[in-house]
file start-v8.cif (mmCIF, N, CA and C atoms)
data_work
loop_
_atom_site.label_atom_id
_atom_site.label_comp_id
_atom_site.auth_asym_id
_atom_site.auth_seq_id
_atom_site.Cartn_x
_atom_site.Cartn_y
_atom_site.Cartn_z
N MET I 1 10.74 5.87 -6.69
CA MET I 1 10.45 5.07 -5.51
C MET I 1 9.68 3.83 -5.95
N GLU I 2 9.99 2.73 -5.36
CA GLU I 2 9.36 1.45 -5.70
C GLU I 2 8.03 1.28 -4.99
N TRP I 3 7.06 0.67 -5.69
CA TRP I 3 5.76 0.36 -5.13
C TRP I 3 5.68 -1.14 -4.88
N ARG I 4 5.00 -1.53 -3.81
CA ARG I 4 4.89 -2.94 -3.45
C ARG I 4 3.44 -3.29 -3.15
N LYS I 5 3.08 -4.51 -3.47
CA LYS I 5 1.76 -5.02 -3.10
C LYS I 5 1.96 -6.28 -2.28
N SER I 6 0.94 -6.70 -1.63
CA SER I 6 1.01 -7.88 -0.79
C SER I 6 1.39 -9.10 -1.62
N SER I 7 2.23 -9.94 -1.05
CA SER I 7 2.60 -11.18 -1.75
C SER I 7 1.38 -12.09 -1.90
N ARG I 8 0.38 -11.89 -1.07
CA ARG I 8 -0.85 -12.69 -1.17
C ARG I 8 -1.69 -12.29 -2.38
N SER I 9 -1.37 -11.16 -3.01
CA SER I 9 -2.11 -10.71 -4.17
C SER I 9 -1.79 -11.53 -5.41
N GLY I 10 -0.65 -12.22 -5.39
CA GLY I 10 -0.27 -13.03 -6.55
C GLY I 10 -0.15 -12.19 -7.80
N ASN I 11 -0.79 -12.62 -8.87
CA ASN I 11 -0.75 -11.89 -10.14
C ASN I 11 -1.97 -11.00 -10.33
N ALA I 12 -2.76 -10.83 -9.30
CA ALA I 12 -3.97 -10.00 -9.40
C ALA I 12 -3.59 -8.55 -9.74
N THR I 13 -4.45 -7.90 -10.49
CA THR I 13 -4.19 -6.50 -10.86
C THR I 13 -5.07 -5.51 -10.12
N ASN I 14 -5.95 -5.99 -9.27
CA ASN I 14 -6.84 -5.10 -8.51
C ASN I 14 -6.40 -5.09 -7.05
N CYS I 15 -5.27 -4.45 -6.79
CA CYS I 15 -4.65 -4.46 -5.47
C CYS I 15 -4.37 -3.04 -4.98
N VAL I 16 -4.23 -2.93 -3.69
CA VAL I 16 -3.74 -1.69 -3.10
C VAL I 16 -2.23 -1.86 -2.96
N GLU I 17 -1.49 -0.89 -3.43
CA GLU I 17 -0.04 -0.94 -3.35
C GLU I 17 0.46 0.14 -2.40
N PHE I 18 1.54 -0.15 -1.69
CA PHE I 18 2.18 0.82 -0.80
C PHE I 18 3.50 1.24 -1.39
N ARG I 19 3.81 2.52 -1.26
CA ARG I 19 5.14 2.95 -1.65
C ARG I 19 6.14 2.36 -0.67
N GLN I 20 7.32 2.05 -1.13
CA GLN I 20 8.31 1.36 -0.31
C GLN I 20 8.58 2.09 1.00
N ASP I 21 8.55 3.41 0.99
CA ASP I 21 8.81 4.17 2.23
C ASP I 21 7.54 4.37 3.06
N LEU I 22 6.44 3.72 2.67
CA LEU I 22 5.15 3.76 3.36
C LEU I 22 4.54 5.16 3.44
N SER I 23 4.84 6.04 2.49
CA SER I 23 4.31 7.40 2.53
C SER I 23 3.10 7.61 1.62
N ALA I 24 2.71 6.57 0.86
CA ALA I 24 1.57 6.72 -0.04
C ALA I 24 1.01 5.35 -0.41
N VAL I 25 -0.25 5.33 -0.82
CA VAL I 25 -0.90 4.13 -1.33
C VAL I 25 -1.52 4.46 -2.68
N ARG I 26 -1.77 3.41 -3.48
CA ARG I 26 -2.42 3.61 -4.77
C ARG I 26 -3.16 2.34 -5.16
N ASP I 27 -4.06 2.49 -6.10
CA ASP I 27 -4.79 1.37 -6.69
C ASP I 27 -3.97 0.87 -7.87
N SER I 28 -3.67 -0.41 -7.91
CA SER I 28 -2.82 -0.93 -8.98
C SER I 28 -3.44 -0.75 -10.36
N LYS I 29 -4.75 -0.57 -10.44
CA LYS I 29 -5.40 -0.33 -11.74
C LYS I 29 -5.21 1.11 -12.20
N ARG I 30 -4.87 2.02 -11.28
CA ARG I 30 -4.67 3.43 -11.62
C ARG I 30 -3.35 3.92 -11.01
N PRO I 31 -2.23 3.41 -11.50
CA PRO I 31 -0.93 3.70 -10.87
C PRO I 31 -0.50 5.17 -10.94
N GLY I 32 -1.14 5.96 -11.76
CA GLY I 32 -0.77 7.37 -11.86
C GLY I 32 -1.33 8.23 -10.73
N VAL I 33 -2.23 7.67 -9.94
CA VAL I 33 -2.88 8.42 -8.87
C VAL I 33 -2.51 7.77 -7.54
N SER I 34 -2.00 8.56 -6.60
CA SER I 34 -1.66 8.01 -5.29
C SER I 34 -2.21 8.91 -4.19
N LEU I 35 -2.36 8.34 -3.03
CA LEU I 35 -2.89 9.03 -1.87
C LEU I 35 -1.80 9.07 -0.80
N PRO I 36 -1.34 10.27 -0.43
CA PRO I 36 -0.33 10.35 0.63
C PRO I 36 -0.92 9.92 1.96
N VAL I 37 -0.16 9.16 2.74
CA VAL I 37 -0.59 8.71 4.06
C VAL I 37 0.58 8.83 5.03
N SER I 38 0.25 8.89 6.30
CA SER I 38 1.32 8.92 7.30
C SER I 38 1.76 7.50 7.63
N ARG I 39 2.98 7.36 8.07
CA ARG I 39 3.47 6.03 8.46
C ARG I 39 2.65 5.48 9.62
N ASP I 40 2.23 6.36 10.53
CA ASP I 40 1.41 5.92 11.66
C ASP I 40 0.10 5.31 11.19
N ALA I 41 -0.51 5.92 10.17
CA ALA I 41 -1.77 5.40 9.64
C ALA I 41 -1.56 4.02 9.01
N VAL I 42 -0.46 3.84 8.31
CA VAL I 42 -0.16 2.55 7.69
C VAL I 42 0.08 1.50 8.76
N ARG I 43 0.85 1.83 9.78
CA ARG I 43 1.11 0.89 10.87
C ARG I 43 -0.19 0.48 11.56
N GLU I 44 -1.07 1.45 11.81
CA GLU I 44 -2.34 1.16 12.46
C GLU I 44 -3.19 0.22 11.60
N LEU I 45 -3.23 0.47 10.31
CA LEU I 45 -3.99 -0.39 9.41
C LEU I 45 -3.44 -1.81 9.42
N ILE I 46 -2.13 -1.95 9.31
CA ILE I 46 -1.51 -3.27 9.30
C ILE I 46 -1.76 -4.01 10.61
N THR I 47 -1.67 -3.27 11.72
CA THR I 47 -1.93 -3.88 13.02
C THR I 47 -3.36 -4.38 13.12
N LYS I 48 -4.32 -3.59 12.64
CA LYS I 48 -5.73 -4.01 12.70
C LYS I 48 -5.99 -5.20 11.80
N LEU I 49 -5.36 -5.23 10.64
CA LEU I 49 -5.57 -6.34 9.71
C LEU I 49 -4.92 -7.62 10.22
N ALA I 50 -3.90 -7.51 11.02
CA ALA I 50 -3.19 -8.69 11.53
C ALA I 50 -3.92 -9.36 12.69
N ARG I 51 -4.92 -8.72 13.24
CA ARG I 51 -5.64 -9.29 14.39
C ARG I 51 -6.48 -10.47 14.01
#
call {"tool": "encode", "arguments": {"input": "start-v8.cif", "output": "structure tokens"}}
result
Amino acid sequence: MEWRKSSRSGNATNCVEFRQDLSAVRDSKRPGVSLPVSRDAVRELITKLAR
């Protein structure tokens, strides 16, 4: 599964990345460790950040 980070991160290596299917997040500095999340939680976070 592909991991994605915000396009605003540019070439930075200290980013939060989302799995393409939005089922997990990880720290780009520690790609071997991920945290499972629900899609609803991701949507809520994105909605709050967009305000």
call {"tool": "atom_distance", "arguments": {"input": "start-v8.cif", "atom1": "CA of Thr13 in chain I", "atom2": "CA of Pro31 in chain I"}}
result
10.7 Å
call {"tool": "resolve_selection", "arguments": {"input": "start-v8.cif", "expression": "the PyMOL selection byres (((chain I and resi 24 and name CA) around 6) and name CA)", "output": "PyMOL selection string"}}
result
chain I and resi 18-19+22-23+25+35-37
call {"tool": "resolve_selection", "arguments": {"input": "start-v8.cif", "expression": "the PyMOL selection byres ((chain I and resi 2) around 7)", "output": "ChimeraX atom specification"}}
result
/I:1,3-4,18-21
call {"tool": "atom_distance", "arguments": {"input": "start-v8.cif", "atom1": "atom N of Cys15 in chain I", "atom2": "atom N of Arg30 in chain I"}}
result
7.9 Å
call {"tool": "closest_residue", "arguments": {"input": "start-v8.cif", "among": "I:Asn14, I:Ser7, I:Ala41, I:Ala50", "to": "Lys29 in chain I", "atoms": "only C-alpha atoms"}}
result
I:Asn14
call {"tool": "atom_distance", "arguments": {"input": "start-v8.cif", "atom1": "atom C of Lys5 in chain I", "atom2": "CA of Ser28 in chain I"}}
result
9.8 Å
call {"tool": "select_by_dssp", "arguments": {"input": "start-v8.cif", "residues": "chain I", "states": "strand (DSSP E or B)", "output": "VMD selection string"}}
result
chain I and resid 3 to 5 16 to 19 24 to 27 34 to 36
